[in-house]
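Q: What follows is protein.txt; its format and atoms are compact mmCIF, C-alpha atoms.
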# COMPACT_ATOMS: atom_id res chain seq x y z
CA MET A 843 167.54 59.51 55.87
CA LEU A 844 166.91 59.65 52.13
CA THR A 845 163.38 60.52 51.02
CA TRP A 846 161.80 61.87 47.86
CA GLU A 847 159.14 63.75 49.87
CA TYR A 848 159.35 65.75 53.08
CA PRO A 849 157.27 68.66 54.47
CA PRO A 850 156.10 70.96 53.07
CA ASN A 851 156.23 68.63 50.04
CA ILE A 852 153.56 66.12 51.14
CA ILE A 853 152.58 63.66 48.42
CA GLY A 854 151.82 60.52 50.40
CA GLY A 855 152.52 58.96 53.78
CA ILE A 856 156.33 58.89 53.47
CA SER A 857 156.64 62.62 54.11
CA ARG A 858 154.83 62.51 57.44
CA HIS A 859 156.56 59.27 58.47
CA VAL A 860 160.08 60.60 57.88
CA ASP A 861 159.33 63.93 59.54
CA GLU A 862 157.89 62.46 62.72
CA LEU A 863 160.27 59.50 63.02
CA SER A 864 163.34 61.70 62.57
CA ARG A 865 162.22 64.19 65.23
CA PHE A 866 161.62 61.42 67.76
CA LEU A 867 164.97 59.79 66.90
CA VAL A 868 166.66 63.07 67.81
CA LYS A 869 164.89 62.92 71.19
CA LYS A 870 166.52 59.48 71.65
CA GLY A 871 169.98 60.96 71.09
CA ILE A 872 170.41 60.07 67.39
CA ASP A 873 172.07 62.62 65.07
CA VAL A 874 169.74 62.71 62.06
CA THR A 875 170.33 64.27 58.63
CA ILE A 876 167.63 64.22 55.96
CA LEU A 877 168.23 64.53 52.22
CA THR A 878 165.19 65.44 50.14
CA PRO A 879 164.62 67.35 46.86
CA GLU A 880 164.34 71.12 46.91
CA THR A 881 160.88 72.63 47.43
CA LEU A 882 159.89 76.04 46.14
CA GLY A 883 159.79 78.50 49.02
CA SER A 884 161.73 76.30 51.47
CA PRO A 885 165.40 76.84 52.46
CA LEU A 886 168.07 74.52 51.08
CA PHE A 887 169.12 73.87 54.68
CA GLU A 888 167.28 74.18 57.96
CA LYS A 889 167.31 72.57 61.39
CA VAL A 890 163.88 71.23 62.38
CA GLU A 891 163.68 70.33 66.07
CA GLY A 892 167.27 69.12 65.94
CA VAL A 893 167.00 67.37 62.55
CA ASN A 894 169.41 68.56 59.82
CA VAL A 895 167.35 68.96 56.65
CA PHE A 896 169.16 69.40 53.31
CA ARG A 897 166.98 70.11 50.28
CA VAL A 898 168.98 69.06 47.24
CA GLN A 899 168.76 71.00 43.99
CA ILE A 900 167.96 68.82 40.97
CA GLN A 901 169.90 70.82 38.41
CA VAL A 902 168.92 69.04 35.17
CA PRO A 903 165.40 69.13 33.64
CA ALA A 904 163.64 65.76 33.28
CA PRO A 905 161.08 64.77 30.63
CA SER A 906 159.35 62.22 32.89
CA PHE A 907 158.93 61.26 36.55
CA HIS A 908 161.13 58.18 36.34
CA ILE A 909 164.00 60.03 34.69
CA TRP A 910 163.66 62.73 37.34
CA ILE A 911 164.00 60.04 40.02
CA TYR A 912 167.33 58.90 38.56
CA LEU A 913 168.56 62.49 38.33
CA MET A 914 167.48 63.01 41.94
CA ASN A 915 169.59 60.02 43.00
CA HIS A 916 172.60 61.41 41.12
CA PHE A 917 172.41 64.71 43.00
CA PHE A 918 171.69 62.89 46.28
CA SER A 919 174.92 60.90 45.80
CA LYS A 920 176.87 64.11 45.19
CA LYS A 921 175.44 65.63 48.37
CA ILE A 922 176.19 62.53 50.43
CA GLY A 923 179.78 62.66 49.20
CA GLN A 924 180.06 66.32 50.21
CA LEU A 925 178.62 65.68 53.68
CA ILE A 926 180.95 62.74 54.28
CA LYS A 927 183.95 64.79 53.14
CA GLU A 928 183.02 67.52 55.60
CA GLY A 929 182.01 65.41 58.58
CA GLY A 930 182.91 61.77 58.06
CA PRO A 931 180.72 58.75 57.20
CA PHE A 932 177.30 58.08 58.65
CA ASP A 933 176.69 54.93 60.71
CA ILE A 934 173.38 54.32 58.95
CA VAL A 935 171.97 55.32 55.57
CA HIS A 936 168.21 54.88 55.89
CA ALA A 937 166.34 54.78 52.56
CA HIS A 938 162.58 55.21 52.25
CA ASP A 939 161.07 53.20 49.39
CA TRP A 940 162.40 52.39 45.92
CA MET A 941 162.89 55.98 44.78
CA VAL A 942 166.15 56.42 46.70
CA VAL A 943 167.63 52.90 46.42
CA PRO A 944 170.39 53.84 43.91
CA SER A 945 171.92 56.63 46.03
CA ALA A 946 171.54 54.63 49.26
CA THR A 947 173.29 51.67 47.65
CA GLU A 948 176.15 53.87 46.43
CA ALA A 949 176.57 55.31 49.92
CA LYS A 950 176.73 51.80 51.35
CA HIS A 951 179.38 50.58 48.90
CA TYR A 952 181.67 53.61 49.02
CA THR A 953 181.56 54.18 52.80
CA THR A 954 181.37 52.13 55.99
CA SER A 955 177.65 52.88 56.40
CA LYS A 956 175.04 50.18 56.95
CA MET A 957 171.97 50.47 54.72
CA VAL A 958 168.44 50.25 56.11
CA LEU A 959 165.44 50.23 53.77
CA THR A 960 161.88 50.99 54.84
CA PHE A 961 159.24 49.69 52.44
CA HIS A 962 156.11 51.80 52.64
CA SER A 963 154.28 49.70 50.02
CA PHE A 964 155.03 47.25 47.20
CA GLU A 965 154.74 47.83 43.47
CA PHE A 966 153.16 44.45 42.68
CA LYS A 967 150.29 45.36 45.01
CA ARG A 968 150.04 49.02 43.96
CA SER A 969 149.96 48.14 40.25
CA GLN A 970 147.54 45.21 40.81
CA GLY A 971 149.75 42.89 38.78
CA SER A 972 150.54 45.31 35.95
CA GLN A 973 153.50 44.24 33.83
CA THR A 974 154.37 47.59 32.26
CA LEU A 975 158.05 48.44 31.88
CA GLU A 976 157.67 51.07 34.61
CA SER A 977 156.27 48.51 37.05
CA LYS A 978 159.00 46.00 36.20
CA MET A 979 161.65 48.69 36.75
CA ILE A 980 160.20 49.73 40.11
CA GLU A 981 159.95 46.15 41.35
CA SER A 982 163.53 45.51 40.23
CA LEU A 983 164.63 48.51 42.31
CA GLU A 984 162.67 47.13 45.26
CA TRP A 985 164.42 43.77 44.89
CA TRP A 986 167.81 45.49 44.52
CA GLY A 987 167.21 47.49 47.71
CA SER A 988 166.05 44.41 49.61
CA TYR A 989 169.25 42.59 48.56
CA GLU A 990 171.65 45.44 49.34
CA SER A 991 170.19 46.50 52.69
CA SER A 992 171.44 45.12 55.99
CA GLY A 993 168.02 45.57 57.57
CA ILE A 994 164.50 46.01 56.19
CA ILE A 995 161.61 47.72 57.97
CA VAL A 996 157.96 47.12 57.07
CA CYS A 997 154.94 48.50 58.89
CA SER A 998 152.75 45.39 59.16
CA ASN A 999 152.91 41.60 59.32
CA SER A 1000 151.12 41.36 55.97
CA MET A 1001 153.95 43.42 54.41
CA LYS A 1002 156.51 41.12 56.01
CA ARG A 1003 154.86 38.09 54.41
CA ASP A 1004 154.76 39.88 51.05
CA ALA A 1005 158.45 40.81 51.30
CA GLU A 1006 159.53 37.29 52.24
CA GLN A 1007 157.62 35.71 49.37
CA ARG A 1008 158.16 38.32 46.65
CA PHE A 1009 161.89 38.88 47.22
CA ASN A 1010 162.81 35.50 48.73
CA LEU A 1011 164.10 37.13 51.91
CA ASN A 1012 165.24 35.64 55.18
CA PRO A 1013 162.55 36.60 57.74
CA ARG A 1014 165.26 37.57 60.23
CA LYS A 1015 166.30 40.43 57.94
CA ILE A 1016 162.86 42.05 58.25
CA SER A 1017 161.62 44.07 61.22
CA VAL A 1018 157.94 44.95 61.65
CA ILE A 1019 157.81 48.49 63.05
CA PRO A 1020 154.44 50.22 62.60
CA ASN A 1021 153.74 53.81 61.65
CA GLY A 1022 152.80 56.23 64.37
CA VAL A 1023 151.01 59.47 65.07
CA ASP A 1024 152.40 62.58 66.73
CA GLN A 1025 149.36 63.44 68.82
CA ASP A 1026 150.71 66.91 69.62
CA ARG A 1027 150.24 67.79 65.93
CA LEU A 1028 146.51 67.17 66.31
CA LYS A 1029 146.14 69.61 69.21
CA ILE A 1030 144.82 72.61 67.36
CA ASP A 1031 142.22 75.30 68.07
CA PHE A 1032 139.48 75.52 65.46
CA ASP A 1033 135.85 76.47 64.95
CA TYR A 1034 133.90 73.25 64.26
CA ALA A 1035 130.94 74.87 62.50
CA ARG A 1036 132.97 77.35 60.44
CA THR A 1037 135.37 74.63 59.32
CA ARG A 1038 132.48 72.54 58.02
CA GLU A 1039 130.84 75.54 56.37
CA ARG A 1040 134.04 76.30 54.43
CA TYR A 1041 133.50 73.00 52.65
CA GLY A 1042 129.77 73.38 52.15
CA VAL A 1043 128.62 71.26 55.10
CA TYR A 1044 125.89 73.09 57.01
CA TRP A 1045 123.75 72.63 60.11
CA GLY A 1046 121.84 69.36 60.04
CA GLU A 1047 124.21 67.73 57.52
CA GLN A 1048 126.71 64.95 58.25
CA MET A 1049 130.27 65.00 56.91
CA ILE A 1050 131.90 61.93 55.40
CA LEU A 1051 135.63 62.39 54.80
CA PHE A 1052 138.16 60.74 52.49
CA VAL A 1053 141.85 61.68 52.71
CA GLY A 1054 144.47 60.25 50.36
CA ARG A 1055 146.14 60.12 47.00
CA LEU A 1056 143.59 59.82 44.21
CA THR A 1057 144.87 56.58 42.71
CA SER A 1058 143.15 53.30 41.93
CA GLN A 1059 144.63 51.51 44.96
CA LYS A 1060 142.86 53.94 47.33
CA GLY A 1061 139.41 52.80 46.16
CA CYS A 1062 137.73 56.21 46.34
CA GLU A 1063 135.41 55.32 43.43
CA TYR A 1064 133.73 52.66 45.61
CA LEU A 1065 133.00 55.25 48.29
CA ILE A 1066 131.55 57.59 45.64
CA ARG A 1067 129.38 54.75 44.31
CA ALA A 1068 128.13 54.12 47.87
CA MET A 1069 126.88 57.70 48.17
CA PRO A 1070 123.45 57.20 46.52
CA GLN A 1071 122.63 54.52 49.14
CA ILE A 1072 124.04 56.67 51.95
CA LEU A 1073 121.99 59.67 50.79
CA SER A 1074 118.82 57.57 50.77
CA LYS A 1075 119.11 57.47 54.58
CA HIS A 1076 121.30 60.41 55.60
CA ASN A 1077 121.57 64.13 54.86
CA ALA A 1078 125.30 63.89 54.20
CA LYS A 1079 128.12 65.31 52.12
CA LEU A 1080 131.37 63.67 51.06
CA ILE A 1081 134.57 65.72 51.20
CA ILE A 1082 137.50 64.27 49.25
CA VAL A 1083 140.92 65.61 50.29
CA GLY A 1084 143.91 64.93 48.05
CA ASP A 1085 144.89 64.80 44.42
CA GLY A 1086 146.32 62.37 41.94
CA PRO A 1087 145.97 60.75 38.52
CA SER A 1088 142.46 59.40 39.18
CA ARG A 1089 140.91 62.77 39.98
CA SER A 1090 139.31 63.43 36.58
CA TYR A 1091 137.86 59.90 36.52
CA LEU A 1092 136.45 60.31 40.03
CA GLU A 1093 134.94 63.67 39.12
CA SER A 1094 133.25 62.05 36.12
CA GLU A 1095 131.82 59.35 38.43
CA VAL A 1096 130.40 62.06 40.69
CA SER A 1097 128.75 63.70 37.66
CA ARG A 1098 127.49 60.39 36.27
CA LEU A 1099 125.80 59.54 39.57
CA GLY A 1100 124.21 62.98 39.92
CA LEU A 1101 126.19 63.82 43.06
CA LEU A 1102 127.58 67.23 42.08
CA GLY A 1103 125.97 69.00 45.03
CA ARG A 1104 126.92 66.29 47.49
CA VAL A 1105 130.61 65.58 46.80
CA ARG A 1106 133.41 68.14 46.98
CA PHE A 1107 137.05 67.76 45.92
CA THR A 1108 139.45 70.00 47.87
CA GLY A 1109 142.80 69.04 46.34
CA PHE A 1110 145.79 69.13 48.69
CA LEU A 1111 145.32 71.03 51.94
CA SER A 1112 147.82 72.46 54.40
CA ASP A 1113 148.63 70.24 57.36
CA GLN A 1114 146.73 72.41 59.85
CA GLU A 1115 143.68 72.72 57.63
CA MET A 1116 143.57 68.96 57.11
CA VAL A 1117 143.64 68.44 60.89
CA ARG A 1118 140.79 70.93 61.33
CA LEU A 1119 138.75 69.19 58.66
CA MET A 1120 139.46 65.72 60.02
CA LYS A 1121 138.42 66.70 63.55
CA SER A 1122 135.20 68.16 62.11
CA ALA A 1123 134.15 64.96 60.31
CA ASP A 1124 131.44 62.55 61.45
CA VAL A 1125 133.21 59.58 59.89
CA LEU A 1126 136.40 58.95 57.91
CA VAL A 1127 136.31 56.23 55.25
CA VAL A 1128 139.41 54.36 54.02
CA PRO A 1129 138.05 52.28 51.09
CA SER A 1130 141.45 51.08 49.84
CA ILE A 1131 141.88 47.94 47.80
CA TYR A 1132 145.55 47.83 48.86
CA GLU A 1133 146.80 49.49 52.03
CA PRO A 1134 150.04 48.29 53.65
CA PHE A 1135 149.24 50.20 56.84
CA GLY A 1136 146.79 53.10 56.60
CA ILE A 1137 148.26 56.03 58.49
CA VAL A 1138 145.22 58.19 57.64
CA ALA A 1139 143.07 55.77 59.64
CA LEU A 1140 145.49 56.08 62.54
CA GLU A 1141 145.40 59.89 62.40
CA ALA A 1142 141.60 59.86 62.41
CA MET A 1143 141.56 57.52 65.41
CA ALA A 1144 143.95 59.84 67.26
CA ALA A 1145 141.74 62.81 66.33
CA GLY A 1146 138.67 61.13 67.77
CA VAL A 1147 136.90 60.39 64.48
CA PRO A 1148 135.12 57.05 63.82
CA VAL A 1149 136.79 55.06 61.02
CA VAL A 1150 135.26 52.79 58.39
CA ALA A 1151 137.99 50.88 56.55
CA SER A 1152 138.51 48.09 54.04
CA ASP A 1153 139.44 44.73 55.52
CA VAL A 1154 142.73 44.48 53.58
CA ASP A 1155 146.46 44.09 54.25
CA GLY A 1156 147.89 46.19 57.08
CA LEU A 1157 144.58 47.98 57.63
CA SER A 1158 143.18 44.70 58.93
CA GLU A 1159 145.86 44.71 61.63
CA VAL A 1160 145.22 48.31 62.68
CA ILE A 1161 141.39 48.14 62.72
CA ARG A 1162 139.65 45.87 65.22
CA HIS A 1163 136.07 45.50 64.13
CA GLU A 1164 133.59 47.34 66.36
CA VAL A 1165 136.39 48.15 68.85
CA ASN A 1166 138.35 50.97 67.19
CA GLY A 1167 136.68 51.00 63.78
CA ILE A 1168 134.34 49.25 61.36
CA LYS A 1169 135.68 46.85 58.73
CA VAL A 1170 134.02 46.58 55.32
CA PHE A 1171 134.66 44.55 52.19
CA PRO A 1172 136.95 46.09 49.53
CA HIS A 1173 135.56 46.81 46.03
CA ASP A 1174 132.06 46.85 47.54
CA PRO A 1175 129.93 50.06 47.64
CA SER A 1176 127.09 48.24 49.45
CA SER A 1177 129.45 47.15 52.21
CA ILE A 1178 130.80 50.70 52.52
CA PHE A 1179 127.22 51.97 52.80
CA TRP A 1180 126.57 49.42 55.55
CA GLY A 1181 129.64 50.56 57.51
CA VAL A 1182 128.98 54.28 57.14
CA ASP A 1183 125.30 53.80 57.98
CA ARG A 1184 126.21 52.00 61.21
CA VAL A 1185 128.34 54.92 62.37
CA LEU A 1186 125.94 57.68 61.28
CA SER A 1187 122.87 55.89 62.65
CA ASP A 1188 124.20 54.85 66.07
CA ARG A 1189 125.63 57.65 68.20
CA SER A 1190 126.60 55.31 71.06
CA LEU A 1191 128.56 53.10 68.65
CA ALA A 1192 130.30 56.16 67.17
CA GLU A 1193 131.33 57.32 70.67
CA SER A 1194 132.58 53.84 71.53
CA LEU A 1195 134.68 53.74 68.35
CA LYS A 1196 136.17 57.15 69.18
CA ARG A 1197 137.25 55.92 72.62
CA GLY A 1198 138.61 52.66 71.22
CA GLY A 1199 140.56 54.48 68.50
CA LYS A 1200 142.24 56.86 70.92
CA GLU A 1201 143.17 54.02 73.27
CA SER A 1202 144.72 52.03 70.40
CA VAL A 1203 146.88 54.96 69.30
CA GLU A 1204 148.11 55.68 72.81
CA LYS A 1205 149.00 52.05 73.58
CA GLU A 1206 150.27 50.74 70.24
CA PHE A 1207 151.29 53.58 67.92
CA SER A 1208 153.31 56.02 70.00
CA TRP A 1209 156.25 57.52 68.07
CA SER A 1210 158.40 57.24 71.20
CA VAL A 1211 157.98 53.44 71.23
CA ILE A 1212 158.49 53.26 67.44
CA ALA A 1213 161.67 55.36 67.67
CA ASP A 1214 163.01 53.02 70.38
CA LYS A 1215 162.48 50.00 68.11
CA THR A 1216 164.23 51.80 65.24
CA VAL A 1217 167.21 52.75 67.43
CA ASN A 1218 167.52 49.13 68.58
CA LEU A 1219 167.66 47.99 64.95
CA TYR A 1220 170.35 50.57 64.17
CA LYS A 1221 172.43 49.44 67.15
CA ASP A 1222 172.12 45.76 66.19
CA LEU A 1223 173.37 46.54 62.68
CA ILE A 1224 176.43 48.54 63.78
CA GLY A 1225 177.25 46.12 66.62
CA GLU A 1226 176.46 48.26 69.65
What would the structure in this file look like if it were written as structure tokens?
A:
Amino acid sequence: MLTWEYPPNIIGGISRHVDELSRFLVKKGIDVTILTPETLGSPLFEKVEGVNVFRVQIQVPAPSFHIWIYLMNHFFSKKIGQLIKEGGPFDIVHAHDWMVVPSATEAKHYTTSKMVLTFHSFEFKRSQGSQTLESKMIESLEWWGSYESSGIIVCSNSMKRDAEQRFNLNPRKISVIPNGVDQDRLKIDFDYARTRERYGVYWGEQMILFVGRLTSQKGCEYLIRAMPQILSKHNAKLIIVGDGPSRSYLESEVSRLGLLGRVRFTGFLSDQEMVRLMKSADVLVVPSIYEPFGIVALEAMAAGVPVVASDVDGLSEVIRHEVNGIKVFPHDPSSIFWGVDRVLSDRSLAESLKRGGKESVEKEFSWSVIADKTVNLYKDLIGE
């Protein structure tokens, strides 16, 4: 497994996906090695529930993110070579997103390994059609990876359609294997009231939660713009968990709308603290304008929290309206208000959504089932 993020370095959904998938693959008898960049305070090698984790030192300073990515691939390739020299080739080199395509492709060409590529999202959707040189470079790497790989994994049918059309791929090359949730990770002791009070939510107030990277594709500004309507009916506070390039803009929106006492930005939180906060929320909102899957929605459902989510892309496949969540229109603060108001105003509906969410996770998004599907793909590729 090659990934640019892995716990405790959690930037987006890839980190959690790789961590949980790899641990469940080990339970299925697969020998898994992860390569990821070094993280301050973490060992360069450790074994995590049977998974071999190598954190690779990036030994040359980089003036920009994209140059750092290419340096990362260089040192990944060196590490792969060392591991193969010591223990022989891997059956599968599994790359996660465009960032690791160069080193995965090198491993494929210079060994007997088969290359698998998981797309977690697509640049043409993330960038909303931007034609900057950076976007063109990223999409070229996505195309290169789709061409070089023997098998491609996407997490939703909408992503499969996008991959077929954008990269002119044979549908038989693409497997739809959804994300999952490790429900054991959500079993945590916590004090409901004290958790809420740490974030300024007190008795008699309702907590609305957003969790995600603060980028334009996540649509957090539309949730913020819905807050004046929400506050006209509910004594609520919005807690925004995460960080990213849009944070200063979102903070200015909060100020512009006079919401300084009603919206709080937490930045990144530890895994356990995020679980405590999520389980303390009255509703979680996923207002994305592009969301290939929406693992945060899945985690909230598993945690027993009602979900209000944009009716877009893979989210539309995860959320069944009024069964395990409420669907709202993207780009639309009034629609978000309508969805949040339904949950906060109707306790019986909220309880029904909690039950429906938990049932969906247990039946459809178990990591054991997802690991089985991944193992079957591996075996097909190597002829077992």
Q: Work out how far apart atom CA of A:Met1116 and atom CA of A:Val1043 are and give it in Å to one decimal.
A: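 Answer for the atom CA of A:Met1116 to atom CA of A:Val1043 separation: 15.3 Å.
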Q: Let me make sure I understand: among A:His1076, A:Lys889, A:Lys1221, A:Arg1098, which one has the smallest atom-to-atom distance to A:Glu1063 if we use only C-alpha atoms?
A: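 Nearest to A:Glu1063: A:Arg1098.
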Q: Of the candidates A:Arg1014, A:Lys956, A:Lys1121, A:His951, which one gets nearest to A:Asp1031 if we count all atoms listed in the file?
A: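 Smallest distance to A:Asp1031 is found for A:Lys1121.
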Q: What gap, in Å, lies between atom CA of A:Ser1177 and atom CA of A:Val1150?
A: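 Atom-to-atom, atom CA of A:Ser1177 to atom CA of A:Val1150, that is 10.2 Å.
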Q: List the neighbours of stretch 973-990 of chain A out to 9 Å using all atoms listed in the file; skip same-chain residues closer than 4 positions along the sequence, and give me the result as a list of chain:residue names.
A: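 Once the nearby chain positions are removed, what remains is A:His908, A:Ala937, A:Asp939, A:Trp940, A:Met941, A:Val943, A:Pro944, A:Ala946, A:Thr947, A:Lys950, A:Met957, A:Val958, A:Leu959, A:Phe961, A:Phe964, A:Glu965, A:Phe966, A:Ser969, A:Ile994, A:Ala1005, A:Arg1008, A:Phe1009, A:Leu1011.
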Q: Write out as a ChimeraX atom specification each polymer residue whose atoms come within 12 Å of A:Lys1205, counting all atoms listed in the file; drop sequence neighbours fewer than 6 positions from it.
A: /A:1022-1023,1144,1198-1199,1211-1212
Q: Counting all atoms listed in the file, figure out which residue out of A:Ser1210, A:Gln901, A:Ser955, A:Ser1194 gets nearest to A:Val1165.
A: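 Residue with the minimum atom-to-atom distance to A:Val1165: A:Ser1194.
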Q: Using only C-alpha atoms, which of A:Gly1167, A:Gly1046, A:Pro1134, A:Gly1225 sits nearest A:Lys1002?
A: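 Distance minimum relative to A:Lys1002 lands on A:Pro1134.
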Q: For a quick check of understanding, using all atoms listed in the file, which of A:Arg1027, A:Val1217, A:Met1049, A:Leu1223 has the smallest distance to A:Val1182?
A: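 For A:Val1182, the nearest of the given residues is A:Met1049.
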Q: Atom CA of A:Gly971 and atom CA of A:Ser1158 are how many Å apart?
A: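 Separating atom CA of A:Gly971 from atom CA of A:Ser1158 is a distance of 21.3 Å.
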Q: For stretch 922-931 of chain A, find every residue with an atom within 8 Å (counting all atoms listed in the file), except residues of its own chain fewer than 5 positions away, and show them as number ranges by chain.
A: A: 949, 953-955
Q: Give me, as a PyMOL selection string, all polymer residues having an atom no more than 10 Å from A:Pro903, counting all atoms listed in the file and skipping those fewer than 5 positions away in the same chain.
A: chain A and resi 909-910+913
Q: Those same residues - C-alpha atoms - I'd like them written as a compact mmCIF listing (two decimals), in the frame of the given file.
A:
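result_14.txt, freshly written:
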# COMPACT_ATOMS: atom_id res chain seq x y z
CA ILE A 909 164.00 60.03 34.69
CA TRP A 910 163.66 62.73 37.34
CA LEU A 913 168.56 62.49 38.33
Q: Looking at all atoms listed in the file, which of A:Ala1068, A:Ile900, A:Met914, A:Leu1140 is the one that sits closest to A:Ser1202?
A: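 For A:Ser1202, the nearest of the candidates is A:Leu1140.
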Q: Would you tabulate, counting all atoms listed in the file, all residues of stretch 1065-1155 of chain A that have an atom at most 12 Å from an atom of stretch 848-866 of chain A, showing the closest pair of atoms and their distance in Å to one decimal, sorted by chain then ascending number, as JSON lines?
A:
{"residue": "A:Val1083", "atom": "CA", "partner": "A:Ile853", "partner_atom": "CA", "distance": 12.0}
{"residue": "A:Gly1084", "atom": "CA", "partner": "A:Ile853", "partner_atom": "CA", "distance": 8.8}
{"residue": "A:Asp1085", "atom": "CA", "partner": "A:Ile853", "partner_atom": "CA", "distance": 8.7}
{"residue": "A:Gly1086", "atom": "CA", "partner": "A:Ile853", "partner_atom": "CA", "distance": 9.1}
{"residue": "A:Gly1109", "atom": "CA", "partner": "A:Ile853", "partner_atom": "CA", "distance": 11.4}
{"residue": "A:Phe1110", "atom": "CA", "partner": "A:Ile852", "partner_atom": "CA", "distance": 8.7}
{"residue": "A:Leu1111", "atom": "CA", "partner": "A:Ile852", "partner_atom": "CA", "distance": 9.6}
{"residue": "A:Ser1112", "atom": "CA", "partner": "A:Pro850", "partner_atom": "CA", "distance": 8.5}
{"residue": "A:Asp1113", "atom": "CA", "partner": "A:Pro850", "partner_atom": "CA", "distance": 8.6}
{"residue": "A:Gln1114", "atom": "CA", "partner": "A:Pro850", "partner_atom": "CA", "distance": 11.7}
{"residue": "A:Met1116", "atom": "CA", "partner": "A:Ile852", "partner_atom": "CA", "distance": 12.0}
{"residue": "A:Glu1133", "atom": "CA", "partner": "A:Gly855", "partner_atom": "CA", "distance": 11.2}
{"residue": "A:Pro1134", "atom": "CA", "partner": "A:Gly855", "partner_atom": "CA", "distance": 11.0}
{"residue": "A:Phe1135", "atom": "CA", "partner": "A:Gly855", "partner_atom": "CA", "distance": 9.8}
{"residue": "A:Gly1136", "atom": "CA", "partner": "A:Gly855", "partner_atom": "CA", "distance": 8.7}
{"residue": "A:Ile1137", "atom": "CA", "partner": "A:Gly855", "partner_atom": "CA", "distance": 7.0}
{"residue": "A:Val1138", "atom": "CA", "partner": "A:Gly855", "partner_atom": "CA", "distance": 8.3}
{"residue": "A:Ala1139", "atom": "CA", "partner": "A:Gly855", "partner_atom": "CA", "distance": 11.6}
{"residue": "A:Leu1140", "atom": "CA", "partner": "A:Gly855", "partner_atom": "CA", "distance": 11.6}
{"residue": "A:Glu1141", "atom": "CA", "partner": "A:Arg858", "partner_atom": "CA", "distance": 11.0}
Q: Hey, can I get the axis-aligned box for stretch 1066-1082 of chain A? All listed atoms, 6 Å padding on each side, centre and edge lengths in Å to one decimal, as JSON.
A:
{"center_x": 128.2, "center_y": 59.9, "center_z": 50.0, "size_x": 30.7, "size_y": 23.6, "size_z": 23.3}
Q: Do you know which residues are at most 9 Å from A:Ile876 counting only C-alpha atoms, after dropping those on the same chain fewer than 5 positions away, and could you put them as a ChimeraX atom specification?
A: /A:843-845,848,860,864,893-897
